[in-house]
Each structure stands twice: as C-alpha cells, then as structure tokens.
Amino acid sequence: MSANKDGVWVGEKFNRKEDQRLTTGKGRFLADLSAPGMLHLTFFRSERAHAIIKSIDTSAAMALPGVVAIVTGEDIKDKILPMPQPVVQPALPARFPKHWPLAVDKVKFHGEPVAAIVTRDKYVGADAAELIAVEYEDLPYIGDPEKALEPGAPLVHEDWDDNLMFEMGFTGGDTEESQKQNDEEVDHIMKTADIVVKNRFRVQRCGITPMETRGVLAEWDDADGLKAHITTQRPHIDRVALSDILEIPAEKVRIIAPRDQGGGFGVKAPFYREPILICYLAKALRRPIRWVESRQEHLMVVSQERDQINDLEVAATKDGKLLAIRNRGVADCGDGCQGVYWGFVMPFLGAVELPNGYTWEKGDVKVKVAVTNKSCLSPARAFGEFPTRFAMERSVDMIANRCGMEPAELRRKNLIPELPYTSVCGEYMDSGDFLKVWDNLLDHAELPAFRKKQEAARKEGRYIGIGFGLGVELSGVSSELMVPMENQPGYGAATIRLDARGKAMVFEGDAPQGQGHETTAAQAVAHCFGIHPNDVIVTTGDTGTTPFGSGTIGARMGSYFVSAAVDAAEFLKKKIARFMAHDMALSGATEDDFDFIGGEIIYRKDTNIRQTFRDACERNIMWPINLPESETAGLEHTAFFEADKPMIAFNADFCTVEVDPENGQFKLLSWTSSEDVGQIINPQIVEGQMQGAIVQGISNTLFEEFIYDENGQQLTADFENYKLATAADVPDMKITHAPTPCPHTPLGTRGIGEGRPSDVPGTISNAVCDALTPFGIEITELPLRPNMIWRKIQEAKAKQAAD
Amino acid sequence: MKTTVNITINGESYEESIPNRLLLVDFIRDVAAQTGTHVGCTYEGVCGACTIQLDGAAVKSCLMLAVQADGHEITTVEGLATDGELTPLQIAFNEHHALQCGYCTPGILMNMDEFLKKNPDPTEEEIRHGLIGNLCRCTGYSHIVEAVKDAAKKLA
C-alpha cells in the first residue's frame, strides 16, 4: 500500500484489495456456493457428431437411488421457448438456428447436451449418465467449412438450404454499385502493383479457456421468482434473456455473477444452453440446482475460437508503401447455436480489424461463415482477430523481404501517421500516436546490434531471430457498434453512494473475472474525492443492486465503466461543493472553486476555509436542513457514459527466438512490448493484463488445438491433449509504455486487455522466419510446431539443392 | 462401499464415514467444507489448482482418494496464515500482483511454500520449472516468479 497523503491514486501502485481473500482460500467462486436442499445436475452429452436420435432409454438411470429427475429434449421442447430470442440476437444479417438447450430430434456435434440428470449426490449423477442408453442413426459428418459451403453438401440444419450462416463485405461503401467499382479498383491494383504477396493463412481451432469452468446455482421461490448465480461476464444481459426465454416476468429474475470468477476471456460472455435448462429445472422441481462444469465438458464444447482460413493478398510499391488488401475469409463456426455471438460475430469483427494500424488506399474484404458438426465457437480474447492479425503481420514481413527492407522499417513507413483515422473496413480509430509507440519499441529492440549478433551466431551455426508485430485494439465498444453487432448497448454505468461517514459505495453492473475492478475503480473514485481507496467499496455483477451494464467485454472497464464512475463522482463533488459554498456563506463561490484532496475539501480562494470530506457527507445525509435553494439531500448518483467516438488502444511487440534447424525446435528468448493504454490507473494491473494476454497468445500459437477426427469425434477434451503454456514455456515479458491520453474519457484512460493477444502469432512467426532467413521459409499456418518448421526447412533445403 | 477415516486438515481432525471412491479434493471441499482448494481439470492432474500438502509434501488432491489420506495431516491454503498473519509468500503475491482471478493461486501457494523450503535460494529458471505443475491463465507467470523470488529473500 503506498503512503499517499494527497490522495493522488491514478497512476499509483496500489496492492489489490481482492488478494486478501484470494490468497487465504476465502474466495467465493461458483462451486463454493450452495443452498439448502441443493441438488446436483449432470449433463449427458452426445457421443456422436451428427445423428438422428431414435430413442433414449433413461429407465436404468432413473432406478438408481438418489436420482431425482432426468429430462430430455422431448420433455422440455414444449415447455421452454426455443432460441433465437431477440435480446441475444445480433442485428446483423445472419441465420440464427432454432435450438433448445437439449438436443431435439438430432444431435449436431460431439458433446451436445442430450439429457440432464438431477441427483442428490454428484457422483451418482456420473453413475446415472453411464446408464442412459441412446439409439442413434448416424448422418454424414460435416467437418470442413469449405466443403460445407459446396453445393450439395449435407446440411447441418435441415430447415436451411445450405450451410452458410453469415457472409459480409466490409469495403467499398454502401451501394452495390460502389462496392463493385471498389472491387474492380482493388483488382486493378493487384494486377499492376510492383509487389503482391498472396497466401492462404490457416489458424487452428483454439481459444482462451479459463482455469475455472462454467457453473450455475439456480434457486426458485414461488413468490420471489428466480435467483441464479451464473459464471457470466454479463449478468444483466442474462437476466433479460432468461426472463424472455423462460417467460418469467423480469422483476422476478435476479442474476448474480459470483464476486469471484476464475477467468472469463470471452468464454463466459455468451448466453449458453446450460443456464437456460438449469434455471428451468430449478423452477420445475422447486429445488435449488447446481451445475459445475467438468473440464472435460468444457473443452468438449466451449472455449473454441479462431479456426479461420484467410486468403489474403497484399499489394505494395517496391519502396515498401502498402497499397491495398484483398481478403477472403472462411470461418468454421460449428453448429452456430449459441446466444449473443452465434459463432459468427467473431469472424465478423476479425474482418473489420484486418487493416490493423496501417494506411491503405483501398481494400476488398469479405468473409463467409459456415456451420459444421462441431461445437459453436465461443469468444476468446482477441475476439475474431487472432487469425486476421496473423495473416496481416506475416504478409507485412513478406512484403518487407521482397523490398529488401527491415520489417520494422516498413511498418514504421506505413503506420497511420495521425489520428483520428477511419480504416478501409470502416473502423474508426479515435486517438493515439502510433509512431511514438513504435519508436519506443525500436529503442528497446536495438536492431543494428541484434543484426550483428545474429550474423555472428550464424557463423557459429546458431539461428536467432527477431520478429515484430502490432495491434490496434478496441477500447470499449460504443453503442454505435454494439447495437448493430449485438443488439445491446455499449454505455458504461456506475452508481456511487456516499454515506454519512464519507465512505463511497460503487456499484457496477459488469462482472469481472480477475481484472481487479474492486481495486482499479476504487483508485479512480478515491482519486476524484481525495479519499483513500480503502474507503471505496466496489460491488459488481448483482442485477438486484447494480445499474445495467452490458458486461465485462471488449475492454469496457478502463474505458466505459471507470469513466461513468468518474462522471458520477464529479457530479457528487459539485453538489458537495454547492452545499459548502452555501453553508460557509462564500459569496461568489461556484462549484468549481474547491479542491478535494487528502480527505478534505478546501476552498481555493482561501485555503483556511476547509472541512473534512466525512463532515461534508454527514451534513448532507443526516442533517438536511437549511439547504441551499432548490437543492435536495442525498449523495447518490448514477452516471451513464457513452464516448463521443469509438475508441482504441494500441500496442506493438517484438520477440527474439532461437531455432534449432536440426529438429525445428525453438525457444522464445525475450519479449518486449510498447503500449499506449492512455492514462494508467494501476501500473501493476496493466502490466499483469499485458503479460497474461501475451502468454495466452503464445500458448495459442505454439500449443493449443482442438481436433475433431474424420467422424467428428473431438479428441482434445483434457489438458493432456489440449496443452496450455506453463511457466517454463515462456520468457519474462517486458512491458514498456508510450502513452497518449485518450481525449474522450474523463481521466484519459483507455480500456485494455481484450484484443491484446492478437499480434502474438505474427510476432513469433516473424521471428522464426527471421531466424531461418538462410533457408527462406515462410510460415502461413498455426499452430507453430517443431515438426512443421523442420518439414519446411527440409523442403527449403531440397529446393535450394535443386536450384 | 464406505470406510471411516480420520484426516487432519489444518490442525483440525475430521472423523467421517465416506465412500471409498471419494476423491481427496472432494473430501476437503465438500466434507470438510474448506473450499479454498480448487478443481480445474477432470482429475487428469495437470492444472494443479487442487495442490495441497500431505504431511508437508505438495500433492495434487484430485489424484488421491480420501481413504488414502486416512491418518495423515493435510495443509490447505486456509492453513498457511497463522491467526490471520499472512506468510511472506502470501504477502509477496499481493505486493507483486501475482494473482488476478485467484483460481490457480491456492495450488501455486501450496506448491511454492514447499518448493521454497526445499530450495531456499532458487534461480528464475528453477522457479519456472517448479511451476510446471500449476497452470495459470491470467498472469502470464512473470509476476508469480517475481513474488516467489521476493519471498525467498524475505524467508532467508
């Protein structure tokens, strides 16, 4: 805890308040919660990828002692409304497959819930699941998104005429005519430019699985209605959606995200099948029901993202000026049955963000999203853009090589020189100094020295390399984008309640999963009031007590929520100031003439005139007589913040690697980043966010892959097969800063963390290619595995021998 | 089939009749109601969130049956601090922001508490290798390594 007498908390190290309970085992995660008479729910899931359900025999399972109920799709399909429901349906032109929380008529992916078993003991639930017998009639498995889009392909959803869930173009204006002309102009550039690189980039199915799986504790009371704890990033959205789909009046639905959640990263943002069914059953059985997802279930059916093919062409002049991009993306979104994102919103946004931080004259960017017999994609940090960033950052390096330029130099030449700027895909970037961030990074890279070292190493038969990447990331998501994209608002909302002892209670509708909201928001609010962060208590995620928030998504905290909290604090400060001016008969004093600092309120024009913050609060709340004219008592305010313009954050990275060409193995030697996160509130929390995001990106790039075999069997549903990076797999991360305050937020803060992993695969791949320059390999596919690198080296050697 | 066991957790003795197949982690969480120890995988023993100390040795409690702990002493994360006084390791974790969501943290604390007893002056590489049995998704590990190094200094 820093000794900070003046109450300047923004930008200061402050040890987190959450840690006391989390380091002593007193955190309260979903699986730690219970209710009297609670029953356990176990899902019985499909073992087939695509099959008609001929019959389900639950009799043996029902006969087990301790089994309270078993339901199948047939039992609930007339009792629960099907999806889609408008509140969790984007306002984008896609098809939204009708579905219930349990399979009805057929199963569409390995792991689809087929039955739900309610027992008094959770081990008995697993026993019962083994006794359920299902007769299936197999249907052809559709596992390749390009094959799924071919005419005549077997259908995933029989009421559709093909497997195309969504398609969109992002360039060329609003009319068919302008788009056609634009595409012709891009085509002309591709045909006439000095340099065109064209590649098929593939990124595997992987995501950011959190350490805590999903869970629900649902309780029903005939008078009060539904109260459910859900591992969710978006309790307020879940509340409306559950009310609509279960036809429970909204005032009788209360959703609480547990104060402690073990990571989300997007995985806990959708409106999934399971909470719908569990809340329904709690009501139907009038018993509290808890479901704690097993890791095997989790890896089977969620945390799957990325999985895109991007055929990307990039044109440039021979002097290294980037000209145009043409991209055709194909995404495999699984069965597409999932509220809010439906598997396709990620590839949608990934396409929008393809141009990255570079200037382009023109672009022709289109994406198609196919349904297949796999579990639906669920969002993961670097939402949709992990594959498109990989494609772009690799292409930029290839262009640099063709020009004979350093990739770092080519990037600098093409960085957007001045903001605001709108990309060819229509993304508005509000503010920042990309060149400042880049030059800071280059200072740390010491490139000339590294090139000398590299040359010397090659003479010794060692191959080291340096790779660069950069990423423009969303800082919060404005309503302008959220409403069409998700049919939901983007504003931040915060309620501040001051009490008679000068303490501040802050209420946030968005639910965190480890980002430190209780500390960061306390610092920002304490800073405004000139009090100590320990005197500010932040409550999150309970729809019964917090203002509406669309969730902890898209880096909303530092951008939207904190800004709303600051606005609310400023409102209350002005009220307190007006009271003080009146009470102390300060003629001519306005609400702006007071400093809130060190626990006191001091009149600027005569600093002898002061009172404690505590006294000012007590006067207003407890002794509301002799009030200033037209004022009321009370120090509670809710503020809604919507930025004037959609906002961004920006980062750039380099890493160094050593590659062993004998076996393709490589080691990450170092990682350095340069960040513009605007005004920092808590520097350690920012650093932790960046380091965590980079390691997630490394883990995705090197290790993680969800694999479905030729029969649609998902083979990677445990941590033995779906490998995450350990501490021994990654280097230390050096995080450096080159900030520009954001002009659209009251403190100049930017939201961070959501998109951060996006430039990692390009950075690493570029470093490996750089190390292996003598061989001349190009990496266009992930994951980046030693055997793939080794094979490319062999191919390159063979080609060199042949030439 | 059930067995009566006597297991000590953080100095408190539990005599219970339990199913033979009950996992030790479930005994700790559900029978003894000490929920600081977490489950992060389907008992493949990879994630390490369930790490406790069995007679002082760091062990993954999802890989043991409760009956195997009969007559033994278990320390969980709730038992690290004494009378509310945190250990240097716990304090270092707070000081260095070595946790974010906190889900993996109890397992890492129990592992590193034993690790530092066996290796009181570890290098960064040794710490990183010592952490192979604990997955963390939030921090990227750097702050955890710094915290362990700092705790090693303070304990010396």
# chains A, B, ... in the order shown; residues from 1 in each chain; ligands from 1
>>> residues_around(residues="B:Ala81", least_positions_apart="2", cutoff="12 Å", atoms="only C-alpha atoms", output="MDAnalysis selection string")
(chainID A and resid 20:21 23:26) or (chainID B and resid 10 75:79 83:91 109:110 113)
>>> residues_around(residues="A:Asp364", least_positions_apart="5", cutoff="12 Å", atoms="only C-alpha atoms", output="PyMOL selection string")
chain A and resi 168-173+178-190+311-315+323-329+351-352+354-355+423-426
>>> write_last_selection(atoms="C-alpha atoms", output="short mmCIF file (atom, residue, chain, number, x, y, z; two decimals), in the first residue's frame")
data_model
loop_
_atom_site.label_atom_id
_atom_site.label_comp_id
_atom_site.auth_asym_id
_atom_site.auth_seq_id
_atom_site.Cartn_x
_atom_site.Cartn_y
_atom_site.Cartn_z
CA MET A 168 -20.49 -9.92 -45.50
CA GLY A 169 -18.29 -7.47 -47.37
CA PHE A 170 -16.69 -4.67 -45.39
CA THR A 171 -15.38 -2.35 -48.04
CA GLY A 172 -16.44 -0.16 -50.93
CA GLY A 173 -19.28 1.87 -49.45
CA SER A 178 -19.90 1.49 -55.22
CA GLN A 179 -18.78 -1.90 -53.94
CA LYS A 180 -18.46 -3.30 -57.43
CA GLN A 181 -16.41 -0.34 -58.52
CA ASN A 182 -14.24 -0.62 -55.42
CA ASP A 183 -13.57 -4.30 -56.03
CA GLU A 184 -12.57 -3.55 -59.63
CA GLU A 185 -10.18 -0.86 -58.44
CA VAL A 186 -8.62 -3.25 -55.93
CA ASP A 187 -8.36 -5.88 -58.63
CA HIS A 188 -6.54 -3.36 -60.82
CA ILE A 189 -4.05 -2.61 -58.02
CA MET A 190 -3.46 -6.32 -57.50
CA ASP A 311 -6.81 -15.94 -48.41
CA LEU A 312 -5.05 -12.61 -48.18
CA GLU A 313 -3.42 -10.60 -50.95
CA VAL A 314 -1.39 -7.52 -50.09
CA ALA A 315 -0.08 -5.07 -52.69
CA LEU A 323 -1.35 -0.04 -51.21
CA ALA A 324 -4.23 -2.45 -50.93
CA ILE A 325 -5.57 -5.63 -49.37
CA ARG A 326 -7.91 -8.24 -50.73
CA ASN A 327 -9.12 -10.89 -48.31
CA ARG A 328 -11.49 -13.81 -48.50
CA GLY A 329 -12.09 -15.28 -45.08
CA ALA A 351 -12.55 -8.98 -40.78
CA VAL A 352 -13.27 -5.40 -39.70
CA LEU A 354 -7.84 -6.79 -40.66
CA PRO A 355 -6.35 -3.46 -41.87
CA SER A 423 -9.87 2.27 -41.98
CA VAL A 424 -10.95 0.88 -45.33
CA CYS A 425 -13.18 -1.51 -43.37
CA GLY A 426 -14.89 1.37 -41.63
#
>>> select_by_dssp(residues="stretch 54-136 of chain B", states="strand (DSSP E)", output="ChimeraX atom specification")
/B:54,57-60,73-75
>>> write_last_selection(atoms="N, CA and C atoms", output="short mmCIF file (atom, residue, chain, number, x, y, z; two decimals), in the first residue's frame")
data_model
loop_
_atom_site.label_atom_id
_atom_site.label_comp_id
_atom_site.auth_asym_id
_atom_site.auth_seq_id
_atom_site.Cartn_x
_atom_site.Cartn_y
_atom_site.Cartn_z
N LEU B 54 0.46 -32.85 1.89
CA LEU B 54 0.18 -34.07 2.63
C LEU B 54 1.41 -34.37 3.47
N ALA B 57 4.29 -32.51 2.08
CA ALA B 57 4.70 -32.65 0.68
C ALA B 57 3.58 -32.17 -0.24
N ALA B 58 3.93 -31.38 -1.24
CA ALA B 58 2.92 -30.87 -2.17
C ALA B 58 2.39 -32.01 -3.01
N VAL B 59 1.06 -32.13 -3.03
CA VAL B 59 0.40 -33.26 -3.68
C VAL B 59 -0.86 -32.74 -4.36
N LYS B 60 -1.20 -33.33 -5.52
CA LYS B 60 -2.44 -32.94 -6.18
C LYS B 60 -3.58 -33.77 -5.60
N GLU B 73 -1.84 -35.85 7.78
CA GLU B 73 -2.09 -34.43 8.05
C GLU B 73 -2.04 -33.65 6.75
N ILE B 74 -3.07 -32.91 6.56
CA ILE B 74 -3.17 -32.13 5.33
C ILE B 74 -3.13 -30.65 5.68
N THR B 75 -2.40 -29.90 4.87
CA THR B 75 -2.44 -28.45 4.98
C THR B 75 -3.01 -27.91 3.67
#
>>> closest_atom_pairs(of="chain A", to="chain B", cutoff="7 Å", atoms="only C-alpha atoms", output="Markdown table")
| residue | atom | partner | partner_atom | distance |
| --- | --- | --- | --- | --- |
| A:Asn15 | CA | B:Glu95 | CA | 5.9 |
| A:Arg16 | CA | B:Asn94 | CA | 6.7 |
| A:Asp19 | CA | B:Asn94 | CA | 5.9 |
| A:Leu22 | CA | B:Gly102 | CA | 5.5 |
| A:Thr23 | CA | B:Gln90 | CA | 6.1 |
| A:Thr24 | CA | B:Glu78 | CA | 5.3 |
| A:Gly25 | CA | B:Gly36 | CA | 3.7 |
| A:Lys26 | CA | B:Gly36 | CA | 6.0 |
| A:Gly27 | CA | B:Gly36 | CA | 6.9 |
| A:Asp32 | CA | B:Thr35 | CA | 5.9 |
| A:Pro210 | CA | B:Arg137 | CA | 6.2 |
| A:Met211 | CA | B:Gly40 | CA | 5.7 |
| A:Glu212 | CA | B:Gly40 | CA | 5.9 |
| A:Gln261 | CA | B:Cys101 | CA | 6.3 |
| A:Gly262 | CA | B:Cys101 | CA | 4.9 |
| A:Gly263 | CA | B:Cys101 | CA | 5.7 |
| A:Ser294 | CA | B:Thr42 | CA | 5.9 |
| A:Arg295 | CA | B:Cys41 | CA | 4.7 |
| A:Gln296 | CA | B:Thr42 | CA | 5.9 |
| A:Gln513 | CA | B:Cys101 | CA | 5.6 |
| A:Gly514 | CA | B:Cys101 | CA | 3.5 |
| A:Gln515 | CA | B:Gln100 | CA | 6.1 |
| A:Gly516 | CA | B:Gln100 | CA | 6.9 |
| A:Gln684 | CA | B:His97 | CA | 6.5 |
| A:Gly688 | CA | B:Thr139 | CA | 5.6 |
| A:Gln689 | CA | B:Thr139 | CA | 6.9 |
| A:Gln691 | CA | B:Gly140 | CA | 5.1 |
| A:Gly692 | CA | B:Gly140 | CA | 3.9 |
| A:Val695 | CA | B:Gly140 | CA | 5.1 |
| A:Gln696 | CA | B:Arg137 | CA | 6.9 |
| A:Phe719 | CA | B:Val46 | CA | 6.2 |
| A:Thr726 | CA | B:Ile132 | CA | 5.4 |
| A:Ala727 | CA | B:Arg128 | CA | 4.9 |
| A:Ala728 | CA | B:Arg128 | CA | 4.8 |
| A:Asp732 | CA | B:Ser142 | CA | 5.5 |
| A:Met733 | CA | B:Ser142 | CA | 6.8 |
>>> residues_around(residues="stretch 752-760 of chain A", least_positions_apart="6", cutoff="9 Å", atoms="only C-alpha atoms", output="ChimeraX atom specification")
/A:265-266,380-390,393,468-476,553-559,648-654,677,686,689-690,692-698,701
>>> write_last_selection(atoms="N, CA and C atoms", output="short mmCIF file (atom, residue, chain, number, x, y, z; two decimals), in the first residue's frame")
data_model
loop_
_atom_site.label_atom_id
_atom_site.label_comp_id
_atom_site.auth_asym_id
_atom_site.auth_seq_id
_atom_site.Cartn_x
_atom_site.Cartn_y
_atom_site.Cartn_z
N PHE A 265 -12.38 -14.20 -20.21
CA PHE A 265 -11.70 -14.02 -21.51
C PHE A 265 -12.65 -14.13 -22.68
N GLY A 266 -13.93 -13.94 -22.45
CA GLY A 266 -14.92 -14.07 -23.52
C GLY A 266 -15.71 -15.36 -23.43
N ALA A 380 -13.14 -15.57 -27.57
CA ALA A 380 -11.89 -15.61 -26.82
C ALA A 380 -11.16 -14.31 -27.08
N ARG A 381 -10.41 -13.90 -26.09
CA ARG A 381 -9.63 -12.68 -26.18
C ARG A 381 -8.85 -12.61 -27.49
N ALA A 382 -8.93 -11.39 -28.09
CA ALA A 382 -8.51 -11.18 -29.48
C ALA A 382 -9.61 -11.74 -30.36
N PHE A 383 -10.82 -11.40 -29.92
CA PHE A 383 -12.11 -11.77 -30.48
C PHE A 383 -12.12 -11.67 -32.01
N GLY A 384 -12.02 -12.84 -32.68
CA GLY A 384 -12.13 -12.87 -34.13
C GLY A 384 -10.91 -12.41 -34.89
N GLU A 385 -10.02 -11.68 -34.24
CA GLU A 385 -8.94 -11.04 -35.00
C GLU A 385 -7.61 -11.77 -34.88
N PHE A 386 -7.54 -12.79 -34.05
CA PHE A 386 -6.28 -13.54 -33.92
C PHE A 386 -5.85 -14.07 -35.29
N PRO A 387 -6.76 -14.70 -36.06
CA PRO A 387 -6.34 -15.18 -37.39
C PRO A 387 -6.07 -14.05 -38.39
N THR A 388 -6.85 -12.99 -38.37
CA THR A 388 -6.65 -11.95 -39.39
C THR A 388 -5.39 -11.14 -39.09
N ARG A 389 -5.06 -10.96 -37.81
CA ARG A 389 -3.80 -10.28 -37.45
C ARG A 389 -2.61 -11.11 -37.89
N PHE A 390 -2.71 -12.42 -37.68
CA PHE A 390 -1.64 -13.33 -38.09
C PHE A 390 -1.40 -13.17 -39.57
N GLU A 393 0.17 -9.55 -40.25
CA GLU A 393 1.54 -9.33 -39.78
C GLU A 393 2.55 -10.19 -40.53
N PHE A 468 8.56 -8.78 -35.32
CA PHE A 468 7.76 -7.64 -34.89
C PHE A 468 6.29 -7.86 -35.20
N GLY A 469 5.47 -7.15 -34.45
CA GLY A 469 4.02 -7.16 -34.71
C GLY A 469 3.40 -5.96 -34.04
N LEU A 470 2.18 -5.64 -34.42
CA LEU A 470 1.47 -4.53 -33.76
C LEU A 470 -0.03 -4.78 -33.84
N GLY A 471 -0.75 -4.10 -32.98
CA GLY A 471 -2.20 -4.31 -32.97
C GLY A 471 -2.97 -3.09 -32.51
N VAL A 472 -3.97 -2.72 -33.28
CA VAL A 472 -4.95 -1.70 -32.86
C VAL A 472 -6.08 -2.46 -32.19
N GLU A 473 -6.40 -2.10 -30.98
CA GLU A 473 -7.42 -2.86 -30.24
C GLU A 473 -8.56 -1.97 -29.80
N LEU A 474 -9.74 -2.55 -29.72
CA LEU A 474 -10.91 -1.81 -29.25
C LEU A 474 -10.73 -1.42 -27.79
N SER A 475 -11.06 -0.19 -27.48
CA SER A 475 -11.07 0.28 -26.09
C SER A 475 -12.54 0.50 -25.75
N GLY A 476 -13.16 -0.57 -25.24
CA GLY A 476 -14.60 -0.50 -25.05
C GLY A 476 -15.29 -0.61 -26.40
N ILE A 553 -16.66 -7.01 -21.24
CA ILE A 553 -16.31 -7.45 -22.58
C ILE A 553 -15.57 -6.32 -23.26
N GLY A 554 -14.79 -6.64 -24.27
CA GLY A 554 -14.26 -5.59 -25.14
C GLY A 554 -13.53 -4.47 -24.44
N ALA A 555 -12.84 -4.75 -23.34
CA ALA A 555 -12.05 -3.73 -22.65
C ALA A 555 -12.91 -2.55 -22.21
N ARG A 556 -14.09 -2.84 -21.66
CA ARG A 556 -15.01 -1.78 -21.25
C ARG A 556 -14.63 -1.12 -19.94
N MET A 557 -13.82 -1.81 -19.12
CA MET A 557 -13.66 -1.34 -17.74
C MET A 557 -12.94 0.01 -17.69
N GLY A 558 -11.71 0.03 -18.21
CA GLY A 558 -10.92 1.26 -18.13
C GLY A 558 -11.47 2.36 -19.00
N SER A 559 -12.28 1.99 -19.98
CA SER A 559 -12.80 2.97 -20.93
C SER A 559 -14.17 3.47 -20.54
N ILE A 648 -9.89 3.40 -29.24
CA ILE A 648 -8.93 2.31 -29.40
C ILE A 648 -7.79 2.41 -28.40
N ALA A 649 -7.06 1.32 -28.30
CA ALA A 649 -5.75 1.30 -27.65
C ALA A 649 -4.78 0.72 -28.68
N PHE A 650 -3.48 0.84 -28.44
CA PHE A 650 -2.51 0.41 -29.46
C PHE A 650 -1.31 -0.21 -28.78
N ASN A 651 -0.78 -1.26 -29.37
CA ASN A 651 0.41 -1.89 -28.82
C ASN A 651 1.28 -2.44 -29.94
N ALA A 652 2.53 -2.56 -29.64
CA ALA A 652 3.49 -3.14 -30.58
C ALA A 652 4.42 -4.05 -29.81
N ASP A 653 4.90 -5.10 -30.47
CA ASP A 653 5.73 -6.09 -29.79
C ASP A 653 6.93 -6.47 -30.64
N PHE A 654 7.99 -6.90 -29.97
CA PHE A 654 8.99 -7.71 -30.65
C PHE A 654 9.40 -8.84 -29.74
N VAL A 677 -1.80 2.76 -23.47
CA VAL A 677 -3.05 2.48 -22.79
C VAL A 677 -3.63 3.77 -22.21
N VAL A 686 -2.08 -3.12 -15.09
CA VAL A 686 -1.89 -3.02 -16.55
C VAL A 686 -0.82 -4.00 -17.01
N GLN A 689 -2.11 -7.51 -17.00
CA GLN A 689 -3.03 -7.75 -18.11
C GLN A 689 -2.25 -8.03 -19.39
N MET A 690 -1.23 -7.24 -19.63
CA MET A 690 -0.44 -7.39 -20.87
C MET A 690 0.31 -8.71 -20.87
N GLY A 692 -0.26 -11.42 -19.20
CA GLY A 692 -1.21 -12.54 -19.30
C GLY A 692 -1.71 -12.71 -20.72
N ALA A 693 -2.02 -11.61 -21.36
CA ALA A 693 -2.55 -11.69 -22.73
C ALA A 693 -1.49 -12.22 -23.69
N ILE A 694 -0.25 -11.76 -23.52
CA ILE A 694 0.82 -12.21 -24.42
C ILE A 694 1.06 -13.71 -24.26
N VAL A 695 1.06 -14.19 -23.02
CA VAL A 695 1.27 -15.62 -22.79
C VAL A 695 0.11 -16.44 -23.34
N GLN A 696 -1.10 -15.90 -23.24
CA GLN A 696 -2.23 -16.59 -23.87
C GLN A 696 -2.00 -16.71 -25.37
N GLY A 697 -1.51 -15.64 -25.97
CA GLY A 697 -1.23 -15.65 -27.41
C GLY A 697 -0.13 -16.66 -27.74
N ILE A 698 0.89 -16.72 -26.90
CA ILE A 698 1.97 -17.68 -27.11
C ILE A 698 1.43 -19.10 -27.01
N THR A 701 -0.47 -19.97 -30.03
CA THR A 701 0.36 -20.08 -31.23
C THR A 701 1.14 -21.38 -31.25
#
>>> residues_around(residues="A:Ala250", least_positions_apart="3", cutoff="7 Å", atoms="only C-alpha atoms", output="PyMOL selection string")
chain A and resi 240+243+253
>>> write_last_selection(atoms="N, CA and C atoms", output="mmCIF file, in the first residue's frame")
data_model
loop_
_atom_site.group_PDB
_atom_site.id
_atom_site.type_symbol
_atom_site.label_atom_id
_atom_site.label_comp_id
_atom_site.auth_asym_id
_atom_site.auth_seq_id
_atom_site.Cartn_x
_atom_site.Cartn_y
_atom_site.Cartn_z
ATOM 1 N N VAL A 240 -32.235 -10.467 -18.643
ATOM 2 C CA VAL A 240 -33.295 -10.168 -19.617
ATOM 3 C C VAL A 240 -33.563 -11.393 -20.489
ATOM 4 N N SER A 243 -35.407 -14.126 -18.538
ATOM 5 C CA SER A 243 -36.792 -13.717 -18.344
ATOM 6 C C SER A 243 -37.607 -13.965 -19.605
ATOM 7 N N VAL A 253 -36.737 -11.984 -11.743
ATOM 8 C CA VAL A 253 -35.488 -12.655 -12.121
ATOM 9 C C VAL A 253 -34.319 -11.852 -11.579
#
>>> closest_residue(among="B:Ala69, B:Thr51, B:Thr123, B:Ala151", to="B:Asn111", atoms="only C-alpha atoms")
B:Thr51
>>> residues_around(residues="A:Ala94", least_positions_apart="2", cutoff="6 Å", atoms="only C-alpha atoms", output="PyMOL selection string")
chain A and resi 92+165-166
>>> write_last_selection(atoms="C-alpha atoms", output="PDB file, in the first residue's frame")
ATOM      1  CA  LEU A  92     -26.646  -8.446 -38.378  1.00  0.00           C
ATOM      2  CA  MET A 165     -24.574 -18.890 -41.651  1.00  0.00           C
ATOM      3  CA  PHE A 166     -23.305 -15.424 -42.490  1.00  0.00           C
TER       4      PHE A 166
END
>>> select_by_dssp(residues="chain B", states="helix (DSSP H, G or I)", output="NGL selection string")
:B and (24-31 or 61-63 or 66-69 or 77-79 or 88-95 or 105-118 or 124-130 or 142-155)
>>> residues_around(residues="A:Arg501", least_positions_apart="4", cutoff="12 Å", atoms="only C-alpha atoms", output="ChimeraX atom specification")
/A:497,505,531,535-536,599,612-622,635
>>> closest_residue(among="A:Leu724, A:Ala69, A:Met584, A:Leu498", to="A:Phe706", atoms="only C-alpha atoms")
A:Leu724
>>> closest_residue(among="B:Val25, B:Ala32, B:Cys50, B:Val67", to="B:Val5", atoms="only C-alpha atoms")
B:Val67
>>> atom_distance(atom1="atom CA of A:Asp174", atom2="atom CA of A:Pro743")
29.7 Å
>>> residues_around(residues="A:Tyr708", least_positions_apart="2", cutoff="10 Å", atoms="only C-alpha atoms", output="VMD selection string")
chain A and resid 49 110 143 205 373 to 374 705 to 706 710 to 716
>>> closest_residue(among="A:Ile685, A:Val203, A:Ala725, A:Leu627", to="A:Pro761", atoms="only C-alpha atoms")
A:Val203
>>> atom_distance(atom1="atom CA of B:Glu12", atom2="atom CA of B:Asp26")
16.9 Å
